[in-house]
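One structure is given below, encoded as structure tokens.
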Amino acid sequence: MPKLLTRVAVLAAALALALPLSAEAQSKGTIKIASQSPLSGELAALGEGIKLGTQLAVEKLKGAVEKAGFKVELVPFDDQAKPDVGVANAKNIIADKDILVVIGHLNSGVAIPSSEVYKEVGLVMISPANTNPLITDRGLPNVNRVCGRDDVQGAVAAEFAIDVLKAKSVYVVHNKNQYGQGIAEFFQAKAKDKKVTVHGFEGTEERANFDPILTPIKAKNPDVIFFGGEYPQAAPMFRQAREKGIKSKFLGPDGLDSTELLKLGGDAVVGMHFTTVAGGVNEYPKAKEFAADYKKKFGKDPEPFAAQSYDSTAIGLKALEAAIKEAGGKLPTREAVAKATRKVKHDGITGNVEFDDKGDPKKATYLIYQVGKEWNDNKLIKRLEIATPAMKKQ
Amino acid sequence: MDWQLVFAILPQVVMDGLVLGFMYALIALGYTMVYGVLELINFAHSEIFMVGAFVGVEVLLLLKAGGILDPLNPFLILILIVLAGMAVSGILAVVVERVAYRPLRGAPRLIPLISAIGVSFFLQDAVRLGVSLWRNAFYLTYPSFAVFNKRIELGETVDFSVKSILVVAASLLMLFALQFLVTRTKLGKAIRAVAEDQPTASLMGINVNRMISLTFLIGGAMGGAAGVLFGVQYNTINPFTGFIPGIKAFTAAVLGGIGNIPGAMVGGLVLGLLEAFAASYLSLFTGGAFGAEYKDIFAFSILILILIFRPRGLLGEVVRERA
């Protein structure tokens, strides 16, 4: 009985203490940060990494904004890697006046139409993973990204194929979506520039039977096969290529960067190379603590783009802080947050981010990996820091 | 145009087309037999096929986990997984008929069709749920066997993998067995009688319900076998794997003349070959203007042409309207 009494007393005291405090913290309202990424379907592993990276950042870094009197909350959305779902979510997001920042998406093909919706209300989107040039080349004031671009990544891949893999001829296959076809075209352009024979440029949405595409490739016997797209197609295609007796070297972009590539592709993909704009957390010395926290909290290693999501969210929170200050401690408008985001200079766990006038990072990292027998054995072959090209007149 | 290249890859393209075509033929049999007896398009059949593929990979993965995959003879394993796939898919098809179609027999024809679409969605998501709970995966991969991937050289530029020859041989064997069963045995005669006229067949002492179940069992087993062979040939499967091959096989059944068993085989082969030719040759013949992604448009355009001139399909007969 006395025990119970003490408990009640402690609880009452705690409540008495906590109530006025929380009431004060809530007095100015809630600011929500939305994440948009595929949480179900074939790309869910990567999409979940974006959500969890964002969640971790919100929990660790919300202090400054909360001190200014606002509660900070994360609302995760599942865009299913589908443009129509992304846009439908985006409409719900702009309808919720509390959402002032969007972190997302994974797929450029989803991000581009969704960002047109955010633009209607000037809501800022900070992308951890979208590499298609059109993300920022549309010149929208509310769209930013912290990663590199496909025009650079495609060229880096082509130069690697030529200089290091000694390719004299290449064959390009892509998945026909905005991201895959885009990077495949940049790869092809650079290869043609360097006078390398491009034996073919094929698009396919096939997921199982790559025989008819591989037959002409086998006859032409290119030095390198480049696949512009993601691992669910790349892995079976490369595997069937090896089974068909094709001896070419394989190369692909950051869409291949997942443990699933090795699981599905088996021995066929061991030794192949891929380029990426987001290295493993081990490449970033400052991300050590993040990786440890992530593993402790979620019980798994961070997927690619999780650390980038953490940085994107950190930038969003800094922008919120600045915008609140500018508004004299009141709730800032969405446009003000977008404007403040462009000005943020962030020393993040994946490097320094500073946006140019169209929302690209002024400098971005590009890495080339070789796939090992275990995914953790993947070898970093090259790491490049490349300045972002200025906008091309279209 | 590079004629040398065109001819160099011709044998491989034909082989690719045959492998695909026989797979379509095996699946098409399920559509065509059910249509023959019930005039129902069983849209759940593509999921019966997908379940067969999953049974095959599960048996392989369990054998592998038990450490008895490598010591066993790969050919024995192949027979084992094909039989397992046939058994599970066949029984599943019978259950689907019993649960989702039999209660609706006699209802207007669109009703069981909708029921079939419902079963199809149900099976897709049930398998997706099961696989994600059990394996925490969306895709599953067939372990590969060195023997099956070996290539047999038949000339300087021509070589086939052992497994594509196996797929073709296994399909041929099953097709002949089925044709024998339907045309030469008493059971086959009973199935044909039910297809022709149910009330009269039942007056002749044929158990109609049992024959319909048998039809689903055979069709499902063929679909399951096709699923396992599909997995062995193309490695990667997922719960939605069945959809596209299902639609193609249905088309093959219509092309051959729905309800007609040899027609389904011919239809499957024609469609498989058309697809392989289109995917491999379109970009060669059009200088890259049309690529492999147009294979379906090309194949289906030809199908439309054929059906304009032969509306009942290649081997379809003029069927007497029932009184």
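Residues are named by chain letter and number: chains run A, B, ... in the order of the structure tokens, numbers start at 1 in each chain, and ligands are numbered from 1 in the order shown.
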Inset, instruction - Please run DSSP on the backbone and report, as a PyMOL selection string, all residues within range 69-111 of chain A that come out as strand (DSSP E or B). - result: chain A and resi 71-78+99-104
Only residues of chain B matter here; which ones have an atom within 7 Å of chain A, counting only C-alpha atoms? Give them as a PDB file with N, CA and C atoms, in the first residue's frame.
```pdb
ATOM      1  N   ILE B   9      22.733 -15.547 -85.367  1.00  0.00           N
ATOM      2  CA  ILE B   9      21.965 -15.728 -84.133  1.00  0.00           C
ATOM      3  C   ILE B   9      20.664 -16.481 -84.366  1.00  0.00           C
ATOM      4  N   GLN B  12      19.892 -19.628 -82.223  1.00  0.00           N
ATOM      5  CA  GLN B  12      19.673 -19.280 -80.825  1.00  0.00           C
ATOM      6  C   GLN B  12      18.301 -18.655 -80.638  1.00  0.00           C
ATOM      7  N   VAL B  13      17.899 -17.797 -81.587  1.00  0.00           N
ATOM      8  CA  VAL B  13      16.595 -17.139 -81.476  1.00  0.00           C
ATOM      9  C   VAL B  13      15.483 -18.173 -81.553  1.00  0.00           C
ATOM     10  N   ASP B  16      15.401 -19.955 -78.224  1.00  0.00           N
ATOM     11  CA  ASP B  16      14.767 -19.104 -77.206  1.00  0.00           C
ATOM     12  C   ASP B  16      13.257 -19.123 -77.381  1.00  0.00           C
ATOM     13  N   PHE B 138      11.080 -10.716 -51.297  1.00  0.00           N
ATOM     14  CA  PHE B 138      10.066 -10.497 -52.324  1.00  0.00           C
ATOM     15  C   PHE B 138      10.424 -11.351 -53.535  1.00  0.00           C
ATOM     16  N   THR B 141      15.305 -16.835 -55.691  1.00  0.00           N
ATOM     17  CA  THR B 141      16.141 -17.260 -56.797  1.00  0.00           C
ATOM     18  C   THR B 141      16.345 -18.764 -56.766  1.00  0.00           C
ATOM     19  N   ASN B 149      23.653 -25.543 -66.687  1.00  0.00           N
ATOM     20  CA  ASN B 149      24.108 -24.341 -67.366  1.00  0.00           C
ATOM     21  C   ASN B 149      25.169 -24.633 -68.409  1.00  0.00           C
ATOM     22  N   TYR B 234      14.701 -19.237 -65.923  1.00  0.00           N
ATOM     23  CA  TYR B 234      14.944 -17.799 -65.781  1.00  0.00           C
ATOM     24  C   TYR B 234      15.340 -17.385 -64.368  1.00  0.00           C
ATOM     25  N   THR B 236      14.817 -16.054 -61.454  1.00  0.00           N
ATOM     26  CA  THR B 236      14.250 -15.179 -60.432  1.00  0.00           C
ATOM     27  C   THR B 236      12.727 -15.146 -60.533  1.00  0.00           C
ATOM     28  N   ALA B 276      10.190 -14.035 -79.517  1.00  0.00           N
ATOM     29  CA  ALA B 276      11.649 -14.127 -79.554  1.00  0.00           C
ATOM     30  C   ALA B 276      12.199 -13.447 -80.808  1.00  0.00           C
ATOM     31  N   ALA B 279      11.892  -9.622 -80.368  1.00  0.00           N
ATOM     32  CA  ALA B 279      12.805  -9.029 -79.398  1.00  0.00           C
ATOM     33  C   ALA B 279      14.236  -9.038 -79.914  1.00  0.00           C
ATOM     34  N   SER B 280      14.631 -10.091 -80.613  1.00  0.00           N
ATOM     35  CA  SER B 280      16.020 -10.172 -81.058  1.00  0.00           C
ATOM     36  C   SER B 280      16.271  -9.411 -82.350  1.00  0.00           C
ATOM     37  N   GLY B 291      13.059  -1.062 -80.709  1.00  0.00           N
ATOM     38  CA  GLY B 291      13.894  -1.984 -79.946  1.00  0.00           C
ATOM     39  C   GLY B 291      13.096  -3.169 -79.436  1.00  0.00           C
ATOM     40  N   ALA B 292      13.739  -3.933 -78.541  1.00  0.00           N
ATOM     41  CA  ALA B 292      13.119  -5.130 -77.988  1.00  0.00           C
ATOM     42  C   ALA B 292      11.834  -4.804 -77.232  1.00  0.00           C
ATOM     43  N   GLU B 293      11.697  -3.548 -76.772  1.00  0.00           N
ATOM     44  CA  GLU B 293      10.506  -3.231 -75.984  1.00  0.00           C
ATOM     45  C   GLU B 293       9.236  -3.294 -76.822  1.00  0.00           C
TER      46      GLU B 293
END
```
Inset, instruction - Write down as an NGL selection string the residues belonging to range 105-164 of chain B that are assigned alpha helix (DSSP H) by DSSP computed on the backbone. - result: :B and (110-134 or 146-149 or 162-164)
Legend entry - Shell of 10 Å around Asp347 in chain A, only C-alpha atoms, local chain residues under 3 positions omitted, as a ChimeraX atom specification: /A:286,311,314-315,344,350-354
Inset, instruction - May I have the residues within 12 Å of Asn73 in chain B as a PyMOL selection string, using only C-alpha atoms and disregarding those fewer than 4 positions away in the same chain? - result: chain B and resi 68-69+77-80+145-148
Given the selection you just returned, output its residues as a file containing C-alpha atoms, formatted as a PDB file, in the first residue's frame.
```pdb
ATOM      1  CA  ILE B  68      21.323 -32.808 -49.440  1.00  0.00           C
ATOM      2  CA  LEU B  69      21.138 -30.687 -52.566  1.00  0.00           C
ATOM      3  CA  ILE B  77      16.180 -33.197 -58.368  1.00  0.00           C
ATOM      4  CA  LEU B  78      14.644 -31.685 -61.475  1.00  0.00           C
ATOM      5  CA  ILE B  79      12.136 -34.538 -61.729  1.00  0.00           C
ATOM      6  CA  LEU B  80      11.411 -34.214 -58.013  1.00  0.00           C
ATOM      7  CA  PHE B 145      23.225 -26.279 -61.249  1.00  0.00           C
ATOM      8  CA  ALA B 146      26.464 -26.351 -63.177  1.00  0.00           C
ATOM      9  CA  VAL B 147      25.273 -29.316 -65.239  1.00  0.00           C
ATOM     10  CA  PHE B 148      22.186 -27.465 -66.459  1.00  0.00           C
TER      11      PHE B 148
END
```
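Reported to one decimal place, the separation of CA of Gly313 in chain B from CA of Val194 in chain B is 22.2 Å.
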Inset, instruction - Within 9 Å of Leu83 in chain B, counting only C-alpha atoms, which residues show up once you throw out same-chain ones fewer than 4 positions away? Write them as a list in words, please. - result: Gly56, Leu78, Ile79, Ala87, Val88, Ala221, Gly224 and Ala225 of chain B
Legend entry - Who sits within 10 Å of range 174-191 of chain B, only C-alpha atoms, same chain under 2 positions skipped, as an MDAnalysis selection string: chainID B and resid 22 25:26 29 33 36:37 169:172 193:196 198 201:202 204:208 210:212 214:215 218:219 222 225 261:262 265
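Distances here use only C-alpha atoms; by that measure, the residue among A:Glu48, A:Asp151, A:Glu59, A:Glu289 closest to Ala81 in chain A is A:Glu48.
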Legend entry - All residues 6 Å or closer to range 91-108 of chain B, only C-alpha atoms, same chain fewer than 6 positions away omitted, as an MDAnalysis selection string: chainID B and resid 213 216:217 220
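Here CA of Thr131 in chain A stands at a distance of 5.2 Å from CA of Asp150 in chain A.
When only C-alpha atoms are used to measure the gap to Met15 in chain B, the shortest distance among B:Ala84, B:Leu273, B:Val51, B:Val266 belongs to B:Leu273.
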Legend entry - Best match for closeness to Asn130 in chain A among A:Asp254, A:Glu303, A:Glu159, A:Asp293, counting only C-alpha atoms: A:Asp254
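The closest residue to Gly139 in chain A, picked from A:Ala34, A:Ile112, A:Ala387, A:Val164 and counting only C-alpha atoms, is A:Ile112.
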